[in-house]
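Text of upload31.cif (mmCIF, C-alpha atoms) as supplied:
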data_final
#
loop_
_atom_site.label_atom_id
_atom_site.label_comp_id
_atom_site.auth_asym_id
_atom_site.auth_seq_id
_atom_site.Cartn_x
_atom_site.Cartn_y
_atom_site.Cartn_z
CA MET A 27 170.73 246.72 218.91
CA ASP A 28 168.29 248.38 216.55
CA LEU A 29 170.74 250.70 214.90
CA PRO A 30 170.25 251.88 211.34
CA GLY A 31 172.05 249.80 208.76
CA PRO A 32 175.12 251.88 207.90
CA ILE A 33 175.98 252.64 211.54
CA HIS A 34 175.70 248.98 212.39
CA ASP A 35 177.92 248.03 209.48
CA PHE A 36 180.47 250.70 210.31
CA LEU A 37 180.69 249.54 213.92
CA LEU A 38 181.00 245.95 212.76
CA VAL A 39 183.87 246.87 210.43
CA PHE A 40 185.57 248.85 213.17
CA LEU A 41 185.33 246.05 215.73
CA GLY A 42 186.24 243.47 213.12
CA SER A 43 189.44 245.28 212.24
CA GLY A 44 190.28 245.60 215.93
CA LEU A 45 189.69 241.87 216.28
CA ILE A 46 191.86 241.01 213.28
CA LEU A 47 194.77 243.18 214.38
CA GLY A 48 194.50 242.01 217.97
CA GLY A 49 194.46 238.36 216.92
CA LEU A 50 197.58 238.88 214.85
CA GLY A 51 199.13 240.72 217.77
CA VAL A 52 198.58 237.85 220.20
CA VAL A 53 200.23 235.37 217.89
CA LEU A 54 203.00 237.40 216.30
CA LEU A 55 204.31 239.84 218.91
CA THR A 56 207.50 238.64 220.52
CA ASN A 57 207.19 240.40 223.86
CA PRO A 58 204.67 238.33 225.86
CA ILE A 59 203.40 241.35 227.79
CA TYR A 60 202.49 243.09 224.52
CA SER A 61 200.64 240.00 223.42
CA THR A 62 198.78 239.91 226.75
CA PHE A 63 197.63 243.49 226.19
CA SER A 64 196.64 242.55 222.68
CA LEU A 65 194.58 239.74 224.17
CA GLY A 66 192.84 242.32 226.36
CA LEU A 67 192.09 244.40 223.28
CA VAL A 68 190.56 241.40 221.50
CA LEU A 69 188.39 240.52 224.51
CA VAL A 70 187.10 244.10 224.79
CA CYS A 71 186.36 244.18 221.05
CA ILE A 72 184.45 240.94 221.39
CA SER A 73 182.36 242.29 224.25
CA LEU A 74 181.57 245.45 222.24
CA PHE A 75 180.47 243.16 219.46
CA TYR A 76 178.18 241.36 221.90
CA ILE A 77 176.50 244.70 222.65
CA LEU A 78 175.64 244.94 218.96
CA SER A 79 174.17 241.43 219.16
CA ASN A 80 171.55 242.23 221.82
CA SER A 81 173.04 240.01 224.53
CA HIS A 82 173.81 242.43 227.31
CA PHE A 83 174.30 239.90 230.08
CA VAL A 84 177.04 238.16 228.15
CA VAL A 85 178.73 241.55 227.70
CA ALA A 86 178.93 242.03 231.46
CA ALA A 87 180.01 238.43 232.04
CA GLN A 88 182.70 238.70 229.36
CA LEU A 89 184.10 241.97 230.71
CA LEU A 90 184.11 240.88 234.32
CA ILE A 91 185.35 237.32 233.85
CA TYR A 92 187.54 237.46 230.78
CA VAL A 93 189.09 240.91 230.91
CA GLY A 94 188.90 241.32 234.67
CA ALA A 95 189.92 237.87 235.86
CA ILE A 96 191.42 235.71 233.14
CA ASN A 97 193.49 238.42 231.51
CA VAL A 98 194.89 239.44 234.90
CA VAL A 99 195.74 235.82 235.75
CA ILE A 100 197.51 235.43 232.42
CA LEU A 101 199.38 238.69 233.07
CA PHE A 102 200.55 237.30 236.42
CA ALA A 103 201.71 234.11 234.74
CA VAL A 104 203.53 236.12 232.05
CA MET A 105 205.35 238.20 234.62
CA PHE A 106 206.54 235.10 236.43
CA ILE A 107 207.95 233.57 233.35
CA ASN A 108 210.62 234.57 230.84
CA GLY A 109 211.35 233.35 227.37
CA SER A 110 209.34 233.77 224.22
CA GLU A 111 210.61 232.20 221.08
CA TYR A 112 209.07 230.25 218.28
CA TYR A 113 209.90 226.78 217.15
CA LYS A 114 212.87 226.57 214.85
CA ASP A 115 212.49 222.82 214.39
CA PHE A 116 209.77 222.74 211.79
CA ASN A 117 208.55 225.19 209.22
CA LEU A 118 206.02 227.72 210.49
CA LEU A 119 205.02 228.72 207.01
CA THR A 120 203.75 225.28 205.98
CA ILE A 121 201.54 225.09 209.05
CA GLY A 122 200.20 228.57 208.30
CA MET A 123 199.50 227.64 204.67
CA ALA A 124 197.76 224.40 205.67
CA LEU A 125 195.53 226.21 208.15
CA LEU A 126 194.80 228.94 205.58
CA ARG A 127 193.74 226.36 203.02
CA TRP A 128 191.47 224.67 205.57
CA PHE A 129 189.97 228.05 206.51
CA VAL A 130 189.22 228.93 202.89
CA GLN A 131 187.68 225.52 202.27
CA ILE A 132 185.36 225.91 205.24
CA ILE A 133 184.30 229.43 204.22
CA TRP A 134 183.56 228.45 200.63
CA THR A 135 181.43 225.43 201.43
CA THR A 136 178.87 226.97 203.80
CA ARG A 137 175.54 228.52 202.82
CA SER A 138 173.31 230.70 204.97
CA ASN A 139 169.63 231.68 205.32
CA GLN A 140 168.45 234.52 207.50
CA ILE A 141 165.50 234.42 209.87
CA ILE A 142 165.13 237.36 212.27
CA GLU A 143 162.71 237.40 215.22
CA GLN A 144 161.93 239.88 217.99
CA ASP A 145 162.03 239.46 221.77
CA LEU A 146 159.59 240.90 224.30
CA ILE A 147 161.36 240.21 227.59
CA SER A 148 164.81 241.64 228.24
CA ASN A 149 167.91 239.54 227.93
CA SER A 150 168.81 239.33 231.63
CA GLN A 151 165.29 238.31 232.56
CA GLN A 152 165.31 235.54 229.99
CA ILE A 153 168.63 234.24 231.28
CA GLY A 154 167.38 234.35 234.86
CA ILE A 155 164.22 232.48 233.95
CA HIS A 156 166.13 229.76 232.16
CA LEU A 157 168.79 229.41 234.81
CA ALA A 158 166.15 229.00 237.50
CA THR A 159 163.83 226.62 235.69
CA ASP A 160 165.18 224.69 232.71
CA PHE A 161 168.88 224.82 233.39
CA PHE A 162 168.87 224.62 237.17
CA LEU A 163 170.84 221.37 237.33
CA PRO A 164 173.63 222.57 234.98
CA PHE A 165 173.78 225.73 237.05
CA GLU A 166 174.45 223.74 240.22
CA PHE A 167 176.99 221.59 238.45
CA ILE A 168 178.76 224.67 237.18
CA SER A 169 179.07 226.01 240.72
CA ILE A 170 180.53 222.72 241.88
CA ILE A 171 182.95 222.70 238.95
CA LEU A 172 184.12 226.21 239.81
CA LEU A 173 184.58 225.28 243.45
CA VAL A 174 186.60 222.18 242.61
CA ALA A 175 188.69 224.02 240.02
CA LEU A 176 189.60 226.80 242.41
CA ILE A 177 190.49 224.43 245.22
CA GLY A 178 192.52 222.35 242.78
CA ALA A 179 194.37 225.38 241.45
CA ILE A 180 195.27 226.52 244.94
CA ALA A 181 196.33 223.03 245.95
CA VAL A 182 198.52 222.67 242.87
CA ALA A 183 200.16 226.08 243.13
CA ARG A 184 200.86 225.87 246.81
CA GLN A 185 203.81 223.51 246.62
CA MET B 15 175.23 239.23 204.71
CA MET B 16 175.94 240.17 208.29
CA LEU B 17 175.82 236.55 209.39
CA GLU B 18 178.46 235.47 206.91
CA HIS B 19 180.80 238.31 207.82
CA VAL B 20 180.60 237.55 211.52
CA LEU B 21 181.10 233.82 210.97
CA VAL B 22 184.13 234.51 208.79
CA LEU B 23 185.50 236.75 211.54
CA SER B 24 185.08 234.11 214.22
CA ALA B 25 186.55 231.46 211.93
CA TYR B 26 189.55 233.71 211.29
CA LEU B 27 190.07 234.15 215.03
CA PHE B 28 189.74 230.40 215.54
CA PHE B 29 192.32 229.53 212.90
CA THR B 30 194.77 232.25 213.91
CA ASP B 31 194.71 231.01 217.47
CA ILE B 32 195.09 227.39 216.44
CA TYR B 33 198.18 228.50 214.57
CA GLY B 34 199.42 230.37 217.64
CA LEU B 35 198.68 227.40 219.89
CA ILE B 36 200.57 224.95 217.69
CA THR B 37 203.61 227.07 216.92
CA SER B 38 204.27 228.91 220.14
CA ARG B 39 207.19 227.89 222.26
CA ASN B 40 206.09 229.83 225.32
CA MET B 41 203.51 228.05 227.45
CA VAL B 42 201.69 231.23 228.45
CA ARG B 43 201.22 232.28 224.82
CA ALA B 44 199.66 228.87 224.16
CA LEU B 45 197.30 229.46 227.06
CA MET B 46 196.33 232.87 225.65
CA CYS B 47 195.63 231.39 222.22
CA LEU B 48 193.50 228.70 223.83
CA GLU B 49 191.37 231.39 225.48
CA LEU B 50 190.91 233.09 222.12
CA ILE B 51 189.84 229.83 220.47
CA LEU B 52 187.07 229.40 223.02
CA ASN B 53 186.10 233.05 222.59
CA ALA B 54 185.73 232.56 218.85
CA VAL B 55 183.26 229.74 219.56
CA ASN B 56 181.37 232.07 221.91
CA ILE B 57 181.09 234.67 219.14
CA ASN B 58 179.41 232.03 217.00
CA PHE B 59 176.97 231.16 219.77
CA VAL B 60 175.97 234.76 220.39
CA THR B 61 175.62 235.54 216.68
CA PHE B 62 173.31 232.62 216.14
CA TYR B 63 171.33 233.63 219.20
CA ASP B 64 170.96 237.12 217.82
CA LEU B 65 169.82 236.12 214.36
CA PHE B 66 168.00 232.83 214.75
CA ASP B 67 166.87 232.24 218.31
CA SER B 68 163.38 233.05 219.54
CA ARG B 69 162.34 233.69 223.15
CA GLN B 70 163.70 230.36 224.20
CA LEU B 71 167.25 231.58 224.31
CA GLU B 72 169.33 228.49 224.66
CA GLY B 73 172.39 229.70 222.81
CA ASN B 74 173.06 232.57 225.17
CA ILE B 75 172.81 230.37 228.25
CA PHE B 76 175.32 227.99 226.73
CA SER B 77 177.73 230.84 226.03
CA ILE B 78 177.56 231.82 229.70
CA PHE B 79 178.32 228.25 230.71
CA ALA B 80 181.21 228.24 228.25
CA ILE B 81 182.64 231.44 229.77
CA VAL B 82 182.45 229.94 233.26
CA ILE B 83 184.14 226.70 232.23
CA VAL B 84 186.88 228.63 230.48
CA ALA B 85 187.45 230.66 233.66
CA ALA B 86 187.94 227.45 235.64
CA GLU B 87 190.25 226.04 232.99
CA ALA B 88 192.34 229.22 232.81
CA SER B 89 192.93 229.23 236.55
CA ILE B 90 194.02 225.59 236.59
CA GLY B 91 196.12 226.07 233.45
CA SER B 92 198.04 228.98 234.88
CA ALA B 93 198.57 227.11 238.17
CA ILE B 94 200.03 224.18 236.24
CA VAL B 95 202.20 226.49 234.14
CA SER B 96 203.65 228.21 237.19
CA LEU B 97 204.30 224.85 238.85
CA ILE B 98 206.12 223.58 235.76
CA TYR B 99 208.15 226.76 235.65
CA ARG B 100 209.10 226.34 239.27
CA LYS B 101 210.26 222.78 238.72
CA LYS B 102 212.04 223.23 235.42
CA LYS B 103 213.03 226.91 235.35
CA SER B 104 212.19 227.11 231.65
CA THR B 105 209.03 227.51 229.63
CA CYS B 106 209.86 225.73 226.43
CA ILE B 107 207.00 223.42 225.60
CA ASN B 108 209.18 220.69 224.17
CA GLN B 109 211.16 220.44 227.38
CA SER B 110 208.18 219.34 229.46
CA THR B 111 208.79 215.62 229.13
CA PHE B 112 207.91 214.48 232.60
CA LEU B 113 205.93 211.48 231.45
CA THR B 114 208.58 209.88 229.24
CA LYS B 115 210.74 207.17 230.80
#
As a first step, turn the structure in this file into structure tokens.
Amino acid sequence: MDLPGPIHDFLLVFLGSGLILGGLGVVLLTNPIYSTFSLGLVLVCISLFYILSNSHFVVAAQLLIYVGAINVVILFAVMFINGSEYYKDFNLLTIGMALLRWFVQIIWTTRSNQIIEQDLISNSQQIGIHLATDFFLPFEFISIILLVALIGAIAVARQ
Amino acid sequence: MMLEHVLVLSAYLFFTDIYGLITSRNMVRALMCLELILNAVNINFVTFYDLFDSRQLEGNIFSIFAIVIVAAEASIGSAIVSLIYRKKKSTCINQSTFLTK
């Protein structure tokens, strides 16, 4: 989006804080239904962030597929199933510290340059053009993969 | 400046969900953290599309393919989780030892 600088930054900070809190909520909340709702919050924050990044088709796809389908499927699975504890066998804190150290190392060793360009056709039209011409074969394969996955899921869950 | 902040955000999400995936005892929480890992990768794709890509737009197409694949994987994953729960009546990850012995 072509928002002025401070508004863009404010929205980014707002969505970023929602993302951070939601991510912590998914991992740390003990009730699995609360963590499922926190997952929904993170997915909605991500799709709002995609609006800021000029990719409107991915916003719609993310909302429909992730929040509308995957989150609901995970909610069904959570309601089937009881029990939510953490491992007592090994130390959670050492794993957290190791991952934190790895995270900091990755952040400190990357550089960035910025090149910004403008588009003339809208986002959905560009995606349609590419799906119909350059990426037609992956598109067909994706449909077959979805078909096989759905049939497989039904066949597995039927027993 | 904006690029670095967004990449740090997606890296934070990635690492938090790797932590949740490794240390969760509940199978459904592991599935949720897996979805968030793949979402963090999608954030990277879309950010690089926004700041670096020209009219050729290959990053955005790949993020759509990634969303679709993750949808297929989530449906199969939850079917497998419910089947395991039906067989074993418990969702502890370290009790799913069907393949040993």
Residue neighbourhood A:Phe63, 12 Å, all atoms listed in the file, exclusion window fewer than 6 positions, as an mmCIF file with C-alpha atoms, keeping the file's coordinate frame:
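Output file part15.cif is given in full below:
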data_model
loop_
_atom_site.group_PDB
_atom_site.id
_atom_site.type_symbol
_atom_site.label_atom_id
_atom_site.label_comp_id
_atom_site.auth_asym_id
_atom_site.auth_seq_id
_atom_site.Cartn_x
_atom_site.Cartn_y
_atom_site.Cartn_z
ATOM 1 C CA GLY A 48 194.500 242.010 217.970
ATOM 2 C CA GLY A 49 194.460 238.360 216.920
ATOM 3 C CA GLY A 51 199.130 240.720 217.770
ATOM 4 C CA VAL A 52 198.580 237.850 220.200
ATOM 5 C CA VAL A 53 200.230 235.370 217.890
ATOM 6 C CA LEU A 55 204.310 239.840 218.910
ATOM 7 C CA ASN A 57 207.190 240.400 223.860
ATOM 8 C CA LEU A 69 188.390 240.520 224.510
ATOM 9 C CA VAL A 70 187.100 244.100 224.790
ATOM 10 C CA VAL A 93 189.090 240.910 230.910
ATOM 11 C CA ASN A 97 193.490 238.420 231.510
ATOM 12 C CA VAL A 98 194.890 239.440 234.900
ATOM 13 C CA ILE A 100 197.510 235.430 232.420
ATOM 14 C CA LEU A 101 199.380 238.690 233.070
ATOM 15 C CA VAL A 104 203.530 236.120 232.050
ATOM 16 C CA ARG B 43 201.220 232.280 224.820
ATOM 17 C CA MET B 46 196.330 232.870 225.650
#
What do you get, as a PDB file with C-alpha atoms, in the frame of the given file, if you spell out every residue that the PyMOL selection byres ((chain B) within 8 of (chain A)) selects here?
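For reference, expr32.pdb as written:
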ATOM      1  CA  LEU B  17     175.820 236.550 209.390  1.00  0.00           C
ATOM      2  CA  GLU B  18     178.460 235.470 206.910  1.00  0.00           C
ATOM      3  CA  VAL B  22     184.130 234.510 208.790  1.00  0.00           C
ATOM      4  CA  LEU B  23     185.500 236.750 211.540  1.00  0.00           C
ATOM      5  CA  ALA B  25     186.550 231.460 211.930  1.00  0.00           C
ATOM      6  CA  TYR B  26     189.550 233.710 211.290  1.00  0.00           C
ATOM      7  CA  LEU B  27     190.070 234.150 215.030  1.00  0.00           C
ATOM      8  CA  PHE B  29     192.320 229.530 212.900  1.00  0.00           C
ATOM      9  CA  THR B  30     194.770 232.250 213.910  1.00  0.00           C
ATOM     10  CA  ASP B  31     194.710 231.010 217.470  1.00  0.00           C
ATOM     11  CA  TYR B  33     198.180 228.500 214.570  1.00  0.00           C
ATOM     12  CA  GLY B  34     199.420 230.370 217.640  1.00  0.00           C
ATOM     13  CA  THR B  37     203.610 227.070 216.920  1.00  0.00           C
ATOM     14  CA  SER B  38     204.270 228.910 220.140  1.00  0.00           C
ATOM     15  CA  ARG B  39     207.190 227.890 222.260  1.00  0.00           C
ATOM     16  CA  ASN B  40     206.090 229.830 225.320  1.00  0.00           C
ATOM     17  CA  VAL B  42     201.690 231.230 228.450  1.00  0.00           C
ATOM     18  CA  ARG B  43     201.220 232.280 224.820  1.00  0.00           C
ATOM     19  CA  MET B  46     196.330 232.870 225.650  1.00  0.00           C
ATOM     20  CA  CYS B  47     195.630 231.390 222.220  1.00  0.00           C
ATOM     21  CA  LEU B  50     190.910 233.090 222.120  1.00  0.00           C
ATOM     22  CA  ILE B  57     181.090 234.670 219.140  1.00  0.00           C
ATOM     23  CA  VAL B  60     175.970 234.760 220.390  1.00  0.00           C
ATOM     24  CA  THR B  61     175.620 235.540 216.680  1.00  0.00           C
ATOM     25  CA  ASP B  64     170.960 237.120 217.820  1.00  0.00           C
ATOM     26  CA  LEU B  65     169.820 236.120 214.360  1.00  0.00           C
ATOM     27  CA  PHE B  66     168.000 232.830 214.750  1.00  0.00           C
ATOM     28  CA  ASP B  67     166.870 232.240 218.310  1.00  0.00           C
ATOM     29  CA  SER B  68     163.380 233.050 219.540  1.00  0.00           C
ATOM     30  CA  ARG B  69     162.340 233.690 223.150  1.00  0.00           C
ATOM     31  CA  GLN B  70     163.700 230.360 224.200  1.00  0.00           C
ATOM     32  CA  LEU B  71     167.250 231.580 224.310  1.00  0.00           C
ATOM     33  CA  ASN B  74     173.060 232.570 225.170  1.00  0.00           C
ATOM     34  CA  ILE B  75     172.810 230.370 228.250  1.00  0.00           C
ATOM     35  CA  SER B  77     177.730 230.840 226.030  1.00  0.00           C
ATOM     36  CA  ILE B  78     177.560 231.820 229.700  1.00  0.00           C
ATOM     37  CA  PHE B  79     178.320 228.250 230.710  1.00  0.00           C
ATOM     38  CA  ILE B  81     182.640 231.440 229.770  1.00  0.00           C
ATOM     39  CA  VAL B  82     182.450 229.940 233.260  1.00  0.00           C
ATOM     40  CA  ILE B  83     184.140 226.700 232.230  1.00  0.00           C
ATOM     41  CA  ALA B  85     187.450 230.660 233.660  1.00  0.00           C
ATOM     42  CA  ALA B  86     187.940 227.450 235.640  1.00  0.00           C
ATOM     43  CA  GLU B  87     190.250 226.040 232.990  1.00  0.00           C
ATOM     44  CA  ALA B  88     192.340 229.220 232.810  1.00  0.00           C
ATOM     45  CA  SER B  89     192.930 229.230 236.550  1.00  0.00           C
ATOM     46  CA  ILE B  90     194.020 225.590 236.590  1.00  0.00           C
ATOM     47  CA  SER B  92     198.040 228.980 234.880  1.00  0.00           C
ATOM     48  CA  ALA B  93     198.570 227.110 238.170  1.00  0.00           C
ATOM     49  CA  ILE B  94     200.030 224.180 236.240  1.00  0.00           C
ATOM     50  CA  VAL B  95     202.200 226.490 234.140  1.00  0.00           C
ATOM     51  CA  SER B  96     203.650 228.210 237.190  1.00  0.00           C
ATOM     52  CA  LEU B  97     204.300 224.850 238.850  1.00  0.00           C
ATOM     53  CA  TYR B  99     208.150 226.760 235.650  1.00  0.00           C
ATOM     54  CA  SER B 104     212.190 227.110 231.650  1.00  0.00           C
ATOM     55  CA  THR B 105     209.030 227.510 229.630  1.00  0.00           C
ATOM     56  CA  CYS B 106     209.860 225.730 226.430  1.00  0.00           C
TER      57      CYS B 106
END
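Coordinates place atom CA of B:Ala54 at a distance of 12.3 Å from atom CA of B:Val84.
Taking only C-alpha atoms into account, B:Glu49 lies nearest to A:Gly66 out of the set A:Met105, A:Leu90, A:Gln151, A:Gly66.
We find atom CA of B:Phe59 and atom CA of B:His19 to be spaced 14.4 Å apart.
In this structure, atom CA of B:Asn53 sits 18.8 Å away from atom CA of B:Met41.
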